[in-house]
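Undergrad: File final.tsv follows (TSV, C-alpha atoms):
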chain	number	residue	atom	x	y	z
A	1	SER	CA	45.08	177.13	-241.82
A	2	PHE	CA	43.69	180.65	-241.91
A	3	PHE	CA	47.01	182.27	-242.77
A	4	LYS	CA	47.98	179.68	-245.38
A	5	ARG	CA	44.75	180.50	-247.21
A	6	CYS	CA	45.44	184.21	-246.92
A	7	LYS	CA	48.99	183.92	-248.20
A	8	LYS	CA	47.71	182.35	-251.43
A	9	LYS	CA	45.50	185.38	-251.98
A	10	LEU	CA	48.11	187.98	-251.07
A	11	ARG	CA	50.69	187.75	-253.87
A	12	TYR	CA	52.67	190.72	-252.59
A	13	ALA	CA	52.33	190.07	-248.87
A	14	HIS	CA	54.47	188.45	-246.27
A	15	VAL	CA	54.07	187.71	-242.60
A	16	ARG	CA	56.25	189.58	-240.10
A	17	GLN	CA	56.30	188.45	-236.50
A	18	ALA	CA	55.25	191.14	-234.02
A	19	GLU	CA	55.05	191.16	-230.25
A	20	PHE	CA	51.65	189.54	-230.57
A	21	GLY	CA	50.32	187.92	-233.69
A	22	CYS	CA	51.40	189.06	-237.14
A	23	GLN	CA	51.47	192.27	-239.06
A	24	ILE	CA	50.74	191.67	-242.74
A	25	VAL	CA	52.35	194.27	-244.98
A	26	PRO	CA	52.99	194.74	-248.72
A	27	LYS	CA	56.05	192.84	-249.88
A	28	ARG	CA	57.02	195.11	-252.79
A	29	PRO	CA	55.74	198.33	-254.38
A	30	PRO	CA	53.48	198.16	-257.47
A	31	ARG	CA	55.27	198.35	-260.85
A	32	ASN	CA	52.32	199.03	-263.18
A	33	ALA	CA	48.55	199.65	-263.23
A	34	SER	CA	47.76	195.98	-262.75
A	35	ASP	CA	50.10	195.83	-259.78
A	36	THR	CA	48.52	198.98	-258.36
A	37	LEU	CA	45.05	197.40	-258.41
A	38	ALA	CA	46.39	194.20	-256.91
A	39	ALA	CA	48.23	196.14	-254.22
A	40	HIS	CA	45.03	198.05	-253.36
A	41	LYS	CA	43.08	194.82	-252.96
A	42	THR	CA	45.95	193.37	-250.92
A	43	ALA	CA	45.91	196.37	-248.58
A	44	LEU	CA	42.19	195.94	-247.94
A	45	VAL	CA	42.60	192.26	-247.12
A	46	CYS	CA	45.62	193.03	-244.93
A	47	GLU	CA	43.59	195.57	-243.00
A	48	ARG	CA	40.81	193.06	-242.34
A	49	ILE	CA	43.29	190.38	-241.22
A	50	ASN	CA	45.16	192.74	-238.91
A	51	HIS	CA	41.87	193.97	-237.42
A	52	ARG	CA	40.86	190.38	-236.71
A	53	LEU	CA	44.20	189.67	-235.03
A	54	ALA	CA	43.90	192.79	-232.89
A	55	CYS	CA	40.38	191.84	-231.77
A	56	GLU	CA	41.46	188.30	-230.89
A	57	ALA	CA	44.48	189.62	-228.99
A	58	GLU	CA	42.26	191.88	-226.90
A	59	MET	CA	40.13	188.88	-225.86
A	60	LEU	CA	43.05	187.13	-224.15
A	61	ASP	CA	43.25	187.60	-220.39
A	62	ARG	CA	46.51	188.48	-218.64
A	63	ASP	CA	47.38	184.80	-218.32
A	64	GLY	CA	46.90	184.10	-222.03
A	65	TYR	CA	43.50	182.37	-221.89
A	66	ARG	CA	40.69	183.15	-224.31
A	67	PRO	CA	37.15	183.26	-222.84
A	68	ASN	CA	34.98	180.52	-224.22
A	69	VAL	CA	31.74	178.62	-223.63
A	70	GLY	CA	31.20	174.87	-223.74
A	71	ILE	CA	27.82	173.22	-224.31
A	72	ILE	CA	26.62	169.85	-223.04
A	73	LEU	CA	23.30	169.19	-224.77
A	74	CYS	CA	21.37	166.23	-223.38
A	75	ASN	CA	18.17	164.52	-224.50
A	76	HIS	CA	15.39	163.03	-222.38
A	77	ARG	CA	17.46	159.85	-221.93
A	78	ASN	CA	20.35	161.95	-220.54
A	79	GLU	CA	22.47	161.13	-223.57
A	80	VAL	CA	24.69	163.96	-224.79
A	81	PHE	CA	25.20	165.51	-228.22
A	82	TRP	CA	28.55	164.45	-229.64
A	83	GLY	CA	29.79	166.18	-232.79
A	84	LYS	CA	32.43	165.17	-235.33
A	85	ARG	CA	34.62	168.05	-236.48
A	86	VAL	CA	34.46	168.77	-240.21
A	87	LYS	CA	36.84	166.55	-242.22
A	88	GLU	CA	38.52	165.27	-239.05
A	89	HIS	CA	38.41	162.07	-237.03
A	90	SER	CA	37.86	164.14	-233.91
A	91	TRP	CA	34.70	164.43	-231.80
A	92	GLN	CA	33.79	167.01	-229.18
A	93	PHE	CA	31.05	169.04	-227.49
A	94	PRO	CA	30.00	172.32	-229.12
A	95	GLN	CA	32.11	175.23	-227.93
A	96	GLY	CA	33.22	178.67	-229.05
A	97	GLY	CA	34.72	182.00	-228.07
A	98	ILE	CA	32.91	184.77	-226.23
A	99	LYS	CA	32.91	187.92	-228.33
A	100	SER	CA	33.55	191.36	-226.94
A	101	GLY	CA	30.39	192.68	-225.25
A	102	GLU	CA	28.75	189.25	-225.02
A	103	THR	CA	27.69	187.54	-221.82
A	104	PRO	CA	28.42	183.81	-221.51
A	105	VAL	CA	24.70	183.07	-221.99
A	106	GLN	CA	24.55	185.15	-225.17
A	107	ALA	CA	27.68	183.46	-226.51
A	108	MET	CA	26.23	180.04	-225.67
A	109	TYR	CA	23.02	180.69	-227.62
A	110	ARG	CA	24.99	182.08	-230.58
A	111	GLU	CA	27.31	179.07	-230.68
A	112	LEU	CA	24.36	176.71	-230.29
A	113	MET	CA	22.77	178.20	-233.40
A	114	GLU	CA	26.00	178.39	-235.41
A	115	GLU	CA	27.20	174.85	-234.65
A	116	VAL	CA	24.03	172.85	-234.03
A	117	GLY	CA	21.31	174.97	-235.66
A	118	LEU	CA	19.22	175.21	-232.50
A	119	SER	CA	17.51	178.31	-231.10
A	120	PRO	CA	16.70	179.09	-227.43
A	121	THR	CA	13.23	177.60	-227.97
A	122	HIS	CA	14.80	174.19	-228.60
A	123	VAL	CA	16.57	173.96	-225.26
A	124	ARG	CA	16.21	174.59	-221.54
A	125	ILE	CA	19.17	175.60	-219.37
A	126	LEU	CA	19.64	173.07	-216.56
A	127	GLY	CA	22.79	174.56	-215.09
A	128	ARG	CA	26.21	176.09	-215.65
A	129	THR	CA	29.63	175.83	-214.03
A	130	ARG	CA	30.25	178.24	-211.16
A	131	GLY	CA	33.53	179.54	-212.55
A	132	TRP	CA	36.01	179.27	-215.40
A	133	LEU	CA	37.50	175.90	-216.31
A	134	ARG	CA	40.83	176.14	-218.12
A	135	TYR	CA	42.85	173.97	-220.45
A	136	ASP	CA	46.22	174.58	-222.09
A	137	VAL	CA	46.63	173.94	-225.80
A	138	PRO	CA	49.89	172.15	-226.77
A	139	GLU	CA	52.25	174.56	-228.52
A	140	HIS	CA	52.25	172.64	-231.79
A	141	TRP	CA	48.46	173.17	-231.96
A	142	VAL	CA	48.76	176.95	-231.46
A	143	ARG	CA	48.85	179.27	-234.45
A	144	ARG	CA	52.38	180.45	-235.10
A	145	GLU	CA	51.39	184.09	-234.63
A	146	TRP	CA	49.90	183.39	-231.17
A	147	ARG	CA	52.80	181.44	-229.67
A	148	GLY	CA	54.29	183.01	-226.57
A	149	ASN	CA	51.06	184.83	-225.72
A	150	TYR	CA	48.24	182.32	-226.04
A	151	ARG	CA	47.99	179.46	-223.54
A	152	GLY	CA	44.53	178.05	-224.11
A	153	GLN	CA	40.86	178.46	-223.26
A	154	LYS	CA	38.97	179.36	-220.12
A	155	GLN	CA	35.41	178.13	-220.32
A	156	ILE	CA	32.00	178.48	-218.75
A	157	TRP	CA	30.10	175.24	-219.36
A	158	PHE	CA	26.33	174.98	-219.80
A	159	LEU	CA	24.15	171.90	-219.44
A	160	LEU	CA	21.09	172.12	-221.69
A	161	ARG	CA	18.01	169.93	-222.00
A	162	PHE	CA	17.01	169.40	-225.63
A	163	VAL	CA	13.26	169.89	-225.93
A	164	GLY	CA	12.97	169.98	-229.71
A	165	ARG	CA	12.92	167.27	-232.37
A	166	GLU	CA	16.01	165.63	-233.80
A	167	SER	CA	15.04	167.05	-237.19
A	168	ASP	CA	15.61	170.52	-235.70
A	169	VAL	CA	19.35	169.86	-235.52
A	170	SER	CA	21.17	171.41	-238.47
A	171	LEU	CA	24.94	171.32	-238.89
A	172	ARG	CA	24.83	173.61	-241.94
A	173	THR	CA	23.43	176.77	-240.39
A	174	SER	CA	26.82	178.51	-240.55
A	175	SER	CA	28.80	179.18	-243.72
A	176	LYS	CA	31.73	177.51	-241.95
A	177	PRO	CA	30.28	174.46	-240.18
A	178	GLU	CA	32.05	173.05	-237.13
A	179	PHE	CA	30.63	169.52	-237.42
A	180	ASP	CA	29.77	167.21	-240.32
A	181	ALA	CA	28.21	164.40	-238.24
A	182	TRP	CA	26.71	163.89	-234.80
A	183	ARG	CA	25.21	161.27	-232.51
A	184	TRP	CA	23.79	160.84	-229.03
A	185	HIS	CA	26.31	159.43	-226.58
A	186	ASP	CA	26.34	158.09	-223.04
A	187	TYR	CA	26.93	160.96	-220.57
A	188	TRP	CA	30.42	159.82	-219.52
A	189	MET	CA	31.64	158.35	-222.81
A	190	PRO	CA	33.20	161.62	-224.12
A	191	LEU	CA	35.92	161.28	-221.47
A	192	ASN	CA	37.24	158.29	-223.39
A	193	GLU	CA	37.07	159.92	-226.81
A	194	VAL	CA	37.88	163.62	-226.51
A	195	ILE	CA	41.38	164.78	-227.40
A	196	GLU	CA	43.71	164.36	-224.44
A	197	PHE	CA	44.43	168.00	-223.58
A	198	LYS	CA	40.70	168.69	-223.12
A	199	ARG	CA	40.04	165.61	-221.01
A	200	ASP	CA	40.50	167.18	-217.56
A	201	VAL	CA	38.16	170.08	-218.37
A	202	TYR	CA	35.54	167.67	-219.69
A	203	ARG	CA	35.80	165.63	-216.49
A	204	LEU	CA	35.43	168.74	-214.32
A	205	ALA	CA	32.45	170.03	-216.32
A	206	LEU	CA	30.64	166.69	-216.42
A	207	ASN	CA	31.20	166.11	-212.72
A	208	GLU	CA	30.05	169.58	-211.68
A	209	LEU	CA	26.95	169.54	-213.89
A	210	ARG	CA	25.93	165.97	-213.11
A	211	ILE	CA	23.88	167.16	-210.12
A	212	PHE	CA	21.43	168.85	-212.49
A	213	ILE	CA	20.94	165.56	-214.34
A	214	ASP	CA	20.42	163.61	-211.13
A	215	ASN	CA	17.83	166.10	-209.91
Rewrite the structure from the file as structure tokens, please.

TA:
Amino acid sequence: SFFKRCKKKLRYAHVRQAEFGCQIVPKRPPRNASDTLAAHKTALVCERINHRLACEAEMLDRDGYRPNVGIILCNHRNEVFWGKRVKEHSWQFPQGGIKSGETPVQAMYRELMEEVGLSPTHVRILGRTRGWLRYDVPEHWVRREWRGNYRGQKQIWFLLRFVGRESDVSLRTSSKPEFDAWRWHDYWMPLNEVIEFKRDVYRLALNELRIFIDN
């Protein structure tokens, strides 16, 4: 996880539970010049981590849901893009958080580029859900520092028509790819394969957006 990786780098740091998230602070004062340099580097990393936590905390609504976009990308046969998460036996639609100051459309195009490598010229928007669709994340899936405050995601879903070539798809556009494989899938098949706690939201999104496929 993110914090396990950070703890390996921060030799003199520990995690202290706060009202929301974690505050990462020096564990002991420096004892020599080498420790002083290490402590300085640690402080810089701590500052970046705490800033990230603060930004993520601000994005939660009063009910504990983080704003998010979901993307259903379909080809001319009305098959949908289905992506396999990196190093996992888990498949899903592209999705991602809405950053501060972004509109849902802007977030959708950014996530489309980051996760699938496609630009706005490669797709055409067919439709979007009228309102937010929410799902709760089981507690054991929630980061330790978010428990008690974070409930899950609230999503605006977009249905896109892919108008590019399959060679335009690139899963390595981002330095931290979301998927390591993909395929085209029957429109309804994801309901049988997506992780259980997302299933109801997938059903709602697919049902609401189906009208744009039929037309």

Undergrad: Go ahead and compute the interatomic distance for CA of Glu145 (chain A) and CA of Gly97 (chain A), in Å to one decimal.

TA: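 CA of Glu145 (chain A) sits 18.0 Å away from CA of Gly97 (chain A).
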
Undergrad: Measuring between only C-alpha atoms, which one of A:Arg66, A:Arg183, A:Arg203, A:Arg161 shows the shortest distance to Val137 (chain A)?

TA: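 Among the listed residues, the smallest separation from Val137 (chain A) belongs to A:Arg66.
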
Undergrad: Let me make sure I understand: among A:Arg124, A:Lys176, A:Arg151, A:Arg110, which one has the smallest atom-to-atom distance to Arg85 (chain A) if we use all atoms listed in the file?

TA: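 So, comparing all the options, the nearest one is A:Lys176.
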
Undergrad: State, in Å with one decimal place, the distance from CA of Val163 (chain A) to CA of His122 (chain A).

TA: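 Result for CA of Val163 (chain A) versus CA of His122 (chain A): 5.3 Å, one decimal.
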
Undergrad: Write out as a PyMOL selection string the residues lying within 9 Å of region 194-196 of chain A, counting all atoms listed in the file and excluding same-chain residues fewer than 4 positions away.

TA: chain A and resi 90-93+189-190+200+202

Undergrad: Determine, counting only C-alpha atoms, which protein, DNA and RNA residues have an atom within 9 Å of an atom of region 128-136 of chain A; residues of the same chain fewer than 5 positions away are not included. Present the result as a PyMOL selection string.

TA: chain A and resi 65+67-68+150-160+197-201+204-205+208-209

Undergrad: Just how far from CA of Gln95 (chain A) is CA of Leu112 (chain A), in Å to one decimal?

TA: 8.2 Å

Undergrad: Might you pull out every residue within 8 Å of Trp184 (chain A), with only C-alpha atoms counted and same-chain residues fewer than 4 positions away left off, and present them as a PDB file with C-alpha atoms, keeping the file's coordinate frame?

TA:
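Contents of out.pdb, as written:
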ATOM      1  CA  GLU A  79      22.470 161.130-223.570  1.00  0.00           C
ATOM      2  CA  VAL A  80      24.690 163.960-224.790  1.00  0.00           C
ATOM      3  CA  PHE A  81      25.200 165.510-228.220  1.00  0.00           C
ATOM      4  CA  TRP A  82      28.550 164.450-229.640  1.00  0.00           C
TER       5      TRP A  82
END

Undergrad: Can you work out which one of A:Phe179, A:Trp141, A:Trp146, A:Tyr187 has the shortest atom-to-atom distance to Gly117 (chain A), counting only C-alpha atoms?

TA: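 Looking only at the distances to Gly117 (chain A), the closest residue turns out to be A:Phe179.
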